[in-house]
Amino acid sequence: MTQAANAKTGEQFESLFVTPMRAYGALNLETAEKLMATQFGAAESVSEATLAQARGWLAVKCAEDVQKALDGQQQAMQSLGDRLKSDAETLLSLGQDYAQKCQTLAEQQFKALGAK
């Protein structure tokens, strides 16, 4: 094989396999990073709310404090419910975005294969 043929083969391998795999790898990494950030954020919110509730119950000294603690617990549950709803929407959007980008990459790959 000549040097020119080797170079041509290398270019084809790069354009048909290496470049698309890098694109898929970058997309997977980006998506994993966003997923992990969402999960860690949710875990942090739950942990903070749990600790705040524990502190609230430790401060109970009379019947009025019990009512305050119960009110705080209700507010915390509402806040966590809102957070979970927001996170679910984020995850749904992330999944849809990932699927759309994968489809675009696949279409680009098929076009590149058709051109070769």
# chains A, B, ... in the order shown; residues from 1 in each chain; ligands from 1

$ residues_around --residues "Ala42 (chain A)" --least-positions-apart "6" --cutoff "8 Å" --atoms "only C-alpha atoms" --output "list in words"
Arg83, Leu84 and Asp87 of chain A

$ closest_residue --among "A:Leu92, A:Met77, A:Leu27, A:Leu35" --to "Gln53 (chain A)" --atoms "only C-alpha atoms"
A:Met77

$ closest_residue --among "A:Pro20, A:Thr38, A:Gln109, A:Gly72" --to "Ser93 (chain A)" --atoms "only C-alpha atoms"
A:Thr38

$ closest_residue --among "A:Ala106, A:Gly114, A:Gln96, A:Leu91" --to "Gln39 (chain A)" --atoms "only C-alpha atoms"
A:Leu91

$ atom_distance --atom1 "CA of Gly10 (chain A)" --atom2 "CA of Ala23 (chain A)"
18.2 Å

$ atom_distance --atom1 "CA of Val46 (chain A)" --atom2 "CA of Gln78 (chain A)"
11.9 Å

$ decode --residues "region 44-61 of chain A" --atoms "N, CA and C atoms" --output "PDB file, in the first residue's frame"
ATOM      1  N   GLU A  44     -29.149  16.919  48.227  1.00  0.00           N
ATOM      2  CA  GLU A  44     -28.804  18.026  49.119  1.00  0.00           C
ATOM      3  C   GLU A  44     -30.069  18.679  49.693  1.00  0.00           C
ATOM      4  N   SER A  45     -31.072  18.873  48.862  1.00  0.00           N
ATOM      5  CA  SER A  45     -32.327  19.475  49.323  1.00  0.00           C
ATOM      6  C   SER A  45     -33.001  18.614  50.386  1.00  0.00           C
ATOM      7  N   VAL A  46     -33.047  17.314  50.141  1.00  0.00           N
ATOM      8  CA  VAL A  46     -33.672  16.402  51.103  1.00  0.00           C
ATOM      9  C   VAL A  46     -32.883  16.400  52.411  1.00  0.00           C
ATOM     10  N   SER A  47     -31.567  16.370  52.318  1.00  0.00           N
ATOM     11  CA  SER A  47     -30.735  16.371  53.527  1.00  0.00           C
ATOM     12  C   SER A  47     -30.928  17.644  54.329  1.00  0.00           C
ATOM     13  N   GLU A  48     -30.926  18.785  53.663  1.00  0.00           N
ATOM     14  CA  GLU A  48     -31.113  20.063  54.354  1.00  0.00           C
ATOM     15  C   GLU A  48     -32.481  20.128  55.030  1.00  0.00           C
ATOM     16  N   ALA A  49     -33.514  19.681  54.335  1.00  0.00           N
ATOM     17  CA  ALA A  49     -34.859  19.706  54.908  1.00  0.00           C
ATOM     18  C   ALA A  49     -34.957  18.770  56.111  1.00  0.00           C
ATOM     19  N   THR A  50     -34.359  17.613  56.002  1.00  0.00           N
ATOM     20  CA  THR A  50     -34.391  16.646  57.106  1.00  0.00           C
ATOM     21  C   THR A  50     -33.691  17.201  58.338  1.00  0.00           C
ATOM     22  N   LEU A  51     -32.524  17.790  58.138  1.00  0.00           N
ATOM     23  CA  LEU A  51     -31.793  18.355  59.272  1.00  0.00           C
ATOM     24  C   LEU A  51     -32.537  19.542  59.880  1.00  0.00           C
ATOM     25  N   ALA A  52     -33.142  20.369  59.043  1.00  0.00           N
ATOM     26  CA  ALA A  52     -33.907  21.511  59.548  1.00  0.00           C
ATOM     27  C   ALA A  52     -35.095  21.026  60.382  1.00  0.00           C
ATOM     28  N   GLN A  53     -35.755  19.971  59.933  1.00  0.00           N
ATOM     29  CA  GLN A  53     -36.878  19.422  60.689  1.00  0.00           C
ATOM     30  C   GLN A  53     -36.417  18.845  62.024  1.00  0.00           C
ATOM     31  N   ALA A  54     -35.293  18.155  62.006  1.00  0.00           N
ATOM     32  CA  ALA A  54     -34.761  17.593  63.253  1.00  0.00           C
ATOM     33  C   ALA A  54     -34.440  18.712  64.244  1.00  0.00           C
ATOM     34  N   ARG A  55     -33.838  19.806  63.754  1.00  0.00           N
ATOM     35  CA  ARG A  55     -33.538  20.945  64.630  1.00  0.00           C
ATOM     36  C   ARG A  55     -34.828  21.564  65.182  1.00  0.00           C
ATOM     37  N   GLY A  56     -35.828  21.649  64.325  1.00  0.00           N
ATOM     38  CA  GLY A  56     -37.114  22.205  64.758  1.00  0.00           C
ATOM     39  C   GLY A  56     -37.746  21.387  65.866  1.00  0.00           C
ATOM     40  N   TRP A  57     -37.697  20.073  65.738  1.00  0.00           N
ATOM     41  CA  TRP A  57     -38.287  19.217  66.763  1.00  0.00           C
ATOM     42  C   TRP A  57     -37.459  19.239  68.051  1.00  0.00           C
ATOM     43  N   LEU A  58     -36.168  19.426  67.941  1.00  0.00           N
ATOM     44  CA  LEU A  58     -35.337  19.520  69.149  1.00  0.00           C
ATOM     45  C   LEU A  58     -35.611  20.796  69.938  1.00  0.00           C
ATOM     46  N   ALA A  59     -36.135  21.814  69.264  1.00  0.00           N
ATOM     47  CA  ALA A  59     -36.421  23.087  69.923  1.00  0.00           C
ATOM     48  C   ALA A  59     -37.788  23.107  70.615  1.00  0.00           C
ATOM     49  N   VAL A  60     -38.547  22.024  70.511  1.00  0.00           N
ATOM     50  CA  VAL A  60     -39.883  21.979  71.106  1.00  0.00           C
ATOM     51  C   VAL A  60     -39.775  21.975  72.635  1.00  0.00           C
ATOM     52  N   LYS A  61     -40.491  22.967  73.238  1.00  0.00           N
ATOM     53  CA  LYS A  61     -40.492  23.065  74.700  1.00  0.00           C
ATOM     54  C   LYS A  61     -41.907  23.210  75.253  1.00  0.00           C
TER      55      LYS A  61
END
